[in-house]
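Engineer: This is the content of work_30.csv (CSV, C-alpha atoms):
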```
chain,number,residue,atom,x,y,z
A,1,MET,CA,12.1,22.1,7.7
A,2,SER,CA,10.3,20.5,4.8
A,3,TYR,CA,7.0,18.8,4.5
A,4,LYS,CA,6.4,15.9,2.1
A,5,LEU,CA,3.5,14.6,0.1
A,6,ALA,CA,3.5,11.5,-2.0
A,7,ILE,CA,1.2,11.2,-5.1
A,8,TRP,CA,0.9,8.0,-7.1
A,9,HIS,CA,-1.3,6.1,-9.5
A,10,SER,CA,-3.3,3.2,-8.1
A,11,GLU,CA,-5.7,0.8,-9.8
A,12,ARG,CA,-7.6,0.3,-6.5
A,13,ALA,CA,-8.3,1.8,-3.2
A,14,VAL,CA,-5.5,1.2,-0.7
A,15,SER,CA,-5.5,1.1,3.1
A,16,ASP,CA,-3.7,3.5,5.4
A,17,LYS,CA,-1.2,0.7,6.1
A,18,GLU,CA,-0.6,-0.1,2.5
A,19,ALA,CA,-0.1,3.5,1.7
A,20,ALA,CA,2.4,4.0,4.5
A,21,ASP,CA,4.3,0.8,3.5
A,22,LEU,CA,4.5,1.9,-0.2
A,23,TYR,CA,5.6,5.4,0.7
A,24,ILE,CA,8.5,4.1,2.7
A,25,LYS,CA,9.6,1.8,-0.2
A,26,LEU,CA,9.3,4.7,-2.7
A,27,PHE,CA,11.1,7.2,-0.4
A,28,GLU,CA,13.9,4.8,0.4
A,29,GLN,CA,14.0,3.7,-3.2
A,30,LYS,CA,13.4,0.1,-2.3
A,31,LYS,CA,10.7,0.2,-5.0
A,32,ILE,CA,11.3,2.1,-8.2
A,33,PRO,CA,8.3,1.8,-10.5
A,34,ILE,CA,9.1,1.2,-14.1
A,35,GLU,CA,5.6,1.7,-15.5
A,36,GLN,CA,4.4,5.0,-17.0
A,37,HIS,CA,1.0,6.5,-16.3
A,38,ILE,CA,-0.3,9.5,-18.3
A,39,ASP,CA,-2.3,10.7,-15.2
A,40,VAL,CA,1.0,11.1,-13.2
A,41,TYR,CA,2.7,12.8,-16.1
A,42,ALA,CA,-0.3,15.2,-16.5
A,43,PHE,CA,-0.3,15.9,-12.7
A,44,TYR,CA,3.4,16.7,-12.7
A,45,ASN,CA,3.2,19.0,-15.7
A,46,GLU,CA,0.3,21.0,-14.3
A,47,LEU,CA,1.9,21.3,-10.9
A,48,ALA,CA,5.1,22.5,-12.6
A,49,ALA,CA,3.1,25.1,-14.5
A,50,TYR,CA,2.1,26.6,-11.2
A,51,TYR,CA,5.3,26.0,-9.3
A,52,PRO,CA,8.3,24.9,-11.4
A,53,GLU,CA,10.8,22.5,-9.9
A,54,ILE,CA,13.5,24.2,-7.8
A,55,ASP,CA,16.3,23.5,-10.3
A,56,MET,CA,14.3,25.2,-13.0
A,57,VAL,CA,13.9,28.4,-11.0
A,58,ALA,CA,16.2,31.4,-11.5
A,59,GLU,CA,18.3,32.2,-8.4
A,60,GLU,CA,16.7,35.5,-7.9
A,61,ALA,CA,13.3,33.9,-7.7
A,62,LEU,CA,14.1,31.0,-5.3
A,63,ASP,CA,12.5,32.8,-2.4
A,64,ALA,CA,9.1,32.4,-4.1
A,65,SER,CA,9.5,28.7,-4.7
A,66,PRO,CA,7.6,26.4,-2.3
A,67,TRP,CA,10.0,23.5,-2.8
A,68,SER,CA,12.9,22.6,-0.5
A,69,CYS,CA,14.5,20.2,-3.0
A,70,THR,CA,13.8,18.5,-6.4
A,71,HIS,CA,11.0,16.1,-6.7
A,72,ASP,CA,11.5,12.3,-6.4
A,73,ARG,CA,9.5,10.9,-9.2
A,74,SER,CA,8.9,8.1,-11.7
A,75,GLY,CA,6.3,7.4,-14.3
A,76,ALA,CA,4.0,6.2,-11.5
A,77,HIS,CA,4.7,8.6,-8.6
A,78,VAL,CA,5.8,12.0,-7.4
A,79,ILE,CA,7.1,12.9,-3.9
A,80,VAL,CA,7.3,16.6,-3.3
A,81,SER,CA,9.1,18.4,-0.4
A,82,MET,CA,7.7,21.8,0.6
A,83,LEU,CA,8.8,24.6,2.9
A,84,ASP,CA,6.6,24.8,5.9
A,85,GLU,CA,5.6,28.4,5.3
A,86,LYS,CA,4.3,27.5,1.9
A,87,LEU,CA,2.0,24.6,3.0
A,88,ALA,CA,-1.2,26.6,3.1
A,89,GLU,CA,-0.6,27.8,-0.4
A,90,VAL,CA,0.5,24.6,-2.1
A,91,VAL,CA,-1.2,21.6,-0.4
A,92,PRO,CA,-4.8,22.5,-1.5
A,93,LEU,CA,-3.5,22.8,-5.1
A,94,ILE,CA,-1.8,19.4,-4.9
A,95,LEU,CA,-5.0,17.7,-3.5
A,96,LYS,CA,-7.1,19.4,-6.2
A,97,LEU,CA,-4.8,18.2,-8.9
A,98,ALA,CA,-4.6,14.7,-7.4
A,99,GLU,CA,-8.4,14.5,-7.5
A,100,ARG,CA,-8.5,15.8,-11.0
A,101,TYR,CA,-6.2,13.1,-12.3
A,102,GLY,CA,-7.5,10.3,-10.1
A,103,LEU,CA,-4.3,9.9,-8.0
A,104,VAL,CA,-3.7,8.8,-4.4
A,105,CYS,CA,-2.1,11.4,-2.2
A,106,PHE,CA,-0.4,10.3,1.1
A,107,ASP,CA,0.8,12.6,3.9
A,108,PRO,CA,3.6,10.7,5.8
A,109,GLN,CA,3.8,13.3,8.5
A,110,THR,CA,0.2,12.5,9.7
A,111,ASN,CA,-0.2,9.1,7.9
A,112,LYS,CA,-3.3,10.7,6.3
A,113,LEU,CA,-4.4,9.1,3.1
A,114,HIS,CA,-6.4,11.1,0.4
A,115,LEU,CA,-8.1,8.8,-2.1
A,116,PRO,CA,-9.6,10.2,-5.4
A,117,SER,CA,-13.4,10.2,-5.2
A,118,TYR,CA,-13.8,7.3,-7.7
A,119,LEU,CA,-11.9,5.0,-5.3
A,120,GLN,CA,-13.6,6.2,-2.1
A,121,THR,CA,-16.6,4.0,-2.6
A,122,THR,CA,-14.5,0.9,-1.8
A,123,ALA,CA,-12.3,2.6,0.9
A,124,ASN,CA,-14.7,2.0,3.8
A,125,SER,CA,-14.0,-1.8,3.7
A,126,LEU,CA,-10.3,-1.5,4.0
A,127,ASP,CA,-7.9,-2.2,6.9
A,128,ARG,CA,-9.5,-5.4,8.1
A,129,GLY,CA,-7.0,-6.7,10.5
A,130,GLY,CA,-6.9,-10.2,11.8
A,131,THR,CA,-5.1,-13.5,12.2
A,132,LEU,CA,-4.4,-16.2,9.7
A,133,LEU,CA,-5.1,-19.7,11.0
A,134,ILE,CA,-3.3,-22.5,9.1
A,135,VAL,CA,-4.3,-26.1,9.8
A,136,GLU,CA,-2.4,-29.1,8.4
A,137,MET,CA,-5.0,-31.7,7.4
A,138,GLU,CA,-4.8,-35.4,8.1
A,139,GLU,CA,-1.8,-37.3,6.7
A,140,GLY,CA,-2.1,-39.6,3.7
A,141,GLN,CA,-1.8,-37.2,0.9
A,142,ARG,CA,1.0,-37.3,-1.6
A,143,ALA,CA,1.8,-33.7,-0.6
A,144,PRO,CA,0.8,-32.0,2.7
A,145,GLU,CA,-2.6,-30.4,2.6
A,146,TYR,CA,-3.5,-27.2,4.4
A,147,GLU,CA,-6.5,-25.2,5.2
A,148,VAL,CA,-6.3,-21.4,5.8
A,149,GLY,CA,-8.8,-19.2,7.6
A,150,PHE,CA,-8.9,-15.5,8.4
A,151,ASN,CA,-10.1,-14.4,11.8
A,152,ASP,CA,-11.4,-10.8,11.2
A,153,GLN,CA,-11.1,-8.7,14.3
A,154,SER,CA,-14.1,-6.6,13.3
A,155,SER,CA,-16.3,-9.7,12.7
A,156,THR,CA,-18.3,-11.8,15.1
A,157,HIS,CA,-18.5,-14.7,12.6
A,158,GLY,CA,-15.1,-16.3,13.4
A,159,ALA,CA,-12.8,-17.8,10.8
A,160,VAL,CA,-13.8,-17.7,7.2
A,161,LYS,CA,-12.4,-20.8,5.4
A,162,MET,CA,-10.9,-20.9,2.0
A,163,ALA,CA,-10.2,-23.8,-0.4
A,164,GLN,CA,-7.5,-26.1,0.7
A,165,ILE,CA,-3.9,-25.7,-0.5
A,166,ILE,CA,-2.0,-28.8,-1.4
A,167,GLY,CA,1.8,-28.6,-1.0
A,168,ALA,CA,4.1,-26.7,1.2
A,169,GLU,CA,5.6,-24.7,-1.7
A,170,LYS,CA,2.2,-23.5,-2.8
A,171,LEU,CA,1.3,-22.5,0.7
A,172,VAL,CA,4.5,-20.5,1.0
A,173,SER,CA,3.8,-18.8,-2.3
A,174,PHE,CA,0.2,-18.0,-1.2
A,175,LEU,CA,1.3,-16.5,2.1
A,176,ARG,CA,4.1,-14.4,0.7
A,177,SER,CA,2.9,-13.4,-2.8
A,178,GLU,CA,-0.8,-13.2,-2.4
A,179,ILE,CA,-1.2,-12.2,1.3
A,180,GLY,CA,2.1,-10.3,1.7
A,181,VAL,CA,3.3,-12.1,4.8
A,182,ASP,CA,7.0,-11.5,5.5
A,183,ALA,CA,9.5,-14.4,5.3
A,184,THR,CA,10.2,-14.5,9.0
A,185,ALA,CA,6.5,-14.9,9.9
A,186,VAL,CA,6.1,-17.7,7.3
A,187,GLU,CA,9.1,-19.6,8.7
A,188,SER,CA,7.7,-19.2,12.2
A,189,ALA,CA,4.4,-20.6,11.0
A,190,PHE,CA,6.0,-23.6,9.5
A,191,ARG,CA,7.8,-24.3,12.7
A,192,GLU,CA,4.5,-24.2,14.5
A,193,LEU,CA,2.9,-26.5,11.9
A,194,LYS,CA,5.6,-29.2,12.4
A,195,ILE,CA,5.0,-29.2,16.2
A,196,HIS,CA,1.3,-28.6,16.5
A,197,HIS,CA,-0.1,-29.2,13.0
A,198,GLN,CA,-1.6,-25.7,13.2
A,199,ALA,CA,-0.2,-22.2,13.2
A,200,PHE,CA,-1.3,-18.6,13.7
A,201,ILE,CA,0.0,-15.5,11.9
A,202,HIS,CA,-1.2,-12.3,13.6
A,203,ASP,CA,-1.7,-8.8,12.5
A,204,VAL,CA,-2.5,-9.6,8.9
A,205,VAL,CA,-4.4,-6.8,7.0
A,206,LEU,CA,-6.7,-7.6,4.1
A,207,SER,CA,-9.3,-5.6,2.2
A,208,ASP,CA,-12.7,-6.9,1.2
A,209,ALA,CA,-11.3,-7.0,-2.4
A,210,ASP,CA,-8.4,-9.1,-1.3
A,211,LEU,CA,-10.7,-11.5,0.5
A,212,ILE,CA,-12.8,-12.0,-2.6
A,213,VAL,CA,-9.8,-12.4,-4.9
A,214,LEU,CA,-8.2,-14.9,-2.5
A,215,GLY,CA,-11.4,-16.9,-2.1
A,216,LEU,CA,-11.8,-16.1,1.6
A,217,VAL,CA,-15.4,-15.1,1.2
```
Would you mind writing the file out in structure tokens?
Structural biologist:
Amino acid sequence: MSYKLAIWHSERAVSDKEAADLYIKLFEQKKIPIEQHIDVYAFYNELAAYYPEIDMVAEEALDASPWSCTHDRSGAHVIVSMLDEKLAEVVPLILKLAERYGLVCFDPQTNKLHLPSYLQTTANSLDRGGTLLIVEMEEGQRAPEYEVGFNDQSSTHGAVKMAQIIGAEKLVSFLRSEIGVDATAVESAFRELKIHHQAFIHDVVLSDADLIVLGLV
């Protein structure tokens, strides 16, 4: 059996859900980063100094290697696969190096996220789940006008309104590119809008930083 850890560069704190989603994309190679980060390169080199990759180990020394296969890596991430009996030896080192180089470390077996200390100050505001409410305003505009609110499940203040969005194409772009709502949910919302002039998209996760950037607070 092998145990995986994923380590990557992030400019901001991420939520557990974001980390899990990104891990799946990286592991299944649905996302292959093209950017290069010196912190990832430094992490990889120092880890390899302690435990060389398995294809760099002499056959007679393979029993001492903690790796079950070669690493999956790019200039922005590394996914390592370890033998179960080596976890106690290697995992603390990986976490130590990830902290040293300011990298995110995600454990997909337990869905446990390890953020570097400099990102942890913003982590306590993540994983705000809720529902997007979309209301089509009164007719008479050249293009349809919409108002979007976010009902935060952890808040007692109700929907927080954002600036109105004019035009269906801009609303689609906002929902898919900025919020990250999948295409099926967007299409369903537009069907609701045509019938009721309002729609709900449930189980949306935003961070405080996203709320600020998107103008929702």
Engineer: So what do you get for atom CA of A:Leu206 versus atom CA of A:Lys30, distance-wise?
Structural biologist: 22.5 Å
Engineer: Using only C-alpha atoms, can you tell me which of A:Lys31, A:His114, A:Arg142, A:Lys86 comes closest to A:Trp67?
Structural biologist: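 Among the listed residues, A:Lys86 lies closest to A:Trp67.
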Engineer: For each of A:Ile32, A:Leu115, A:Met56, A:Leu5, take the minimum atom-to-atom distance to A:Ile79, counting all atoms listed in the file, then give the residue where this is smallest.
Structural biologist: A:Leu5
Engineer: Taking into account only C-alpha atoms, which residue in the set A:His202, A:Arg12, A:Lys4, A:Lys194 is nearest to A:Val135?
Structural biologist: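 Once distances to A:Val135 are computed over only C-alpha atoms, the minimum belongs to A:Lys194.
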Engineer: For A:Gly129, which residue out of A:Glu46, A:Glu11, A:Asp203, A:Glu178 is the nearest one, using all atoms listed in the file?
Structural biologist: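 Looking at the shortest contact to A:Gly129, the residue is A:Asp203.
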Engineer: So how many Å separate atom CA of A:Ile195 and atom CA of A:Ser177, to one decimal?
Structural biologist: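 About the pair atom CA of A:Ile195 and atom CA of A:Ser177: they are 24.8 Å apart.
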Engineer: Take the point (10.4, 23.6, -11.6) in the file's coordinates, draw a sphere of radius 12 Å around it, and report as a tab-separated table (two decimals) with C-alpha atoms, keeping the file's coordinate frame every protein, DNA or RNA residue with an atom inside or on it, counting all atoms listed in the file.
Structural biologist:
```tsv
chain	number	residue	atom	x	y	z
A	44	TYR	CA	3.40	16.70	-12.70
A	45	ASN	CA	3.20	19.00	-15.70
A	46	GLU	CA	0.30	21.00	-14.30
A	47	LEU	CA	1.90	21.30	-10.90
A	48	ALA	CA	5.10	22.50	-12.60
A	49	ALA	CA	3.10	25.10	-14.50
A	50	TYR	CA	2.10	26.60	-11.20
A	51	TYR	CA	5.30	26.00	-9.30
A	52	PRO	CA	8.30	24.90	-11.40
A	53	GLU	CA	10.80	22.50	-9.90
A	54	ILE	CA	13.50	24.20	-7.80
A	55	ASP	CA	16.30	23.50	-10.30
A	56	MET	CA	14.30	25.20	-13.00
A	57	VAL	CA	13.90	28.40	-11.00
A	58	ALA	CA	16.20	31.40	-11.50
A	61	ALA	CA	13.30	33.90	-7.70
A	62	LEU	CA	14.10	31.00	-5.30
A	64	ALA	CA	9.10	32.40	-4.10
A	65	SER	CA	9.50	28.70	-4.70
A	66	PRO	CA	7.60	26.40	-2.30
A	67	TRP	CA	10.00	23.50	-2.80
A	68	SER	CA	12.90	22.60	-0.50
A	69	CYS	CA	14.50	20.20	-3.00
A	70	THR	CA	13.80	18.50	-6.40
A	71	HIS	CA	11.00	16.10	-6.70
A	80	VAL	CA	7.30	16.60	-3.30
```
Engineer: Could you check how far atom CA of A:Lys170 sits from atom CA of A:Val204, in Å to one decimal?
Structural biologist: 18.8 Å
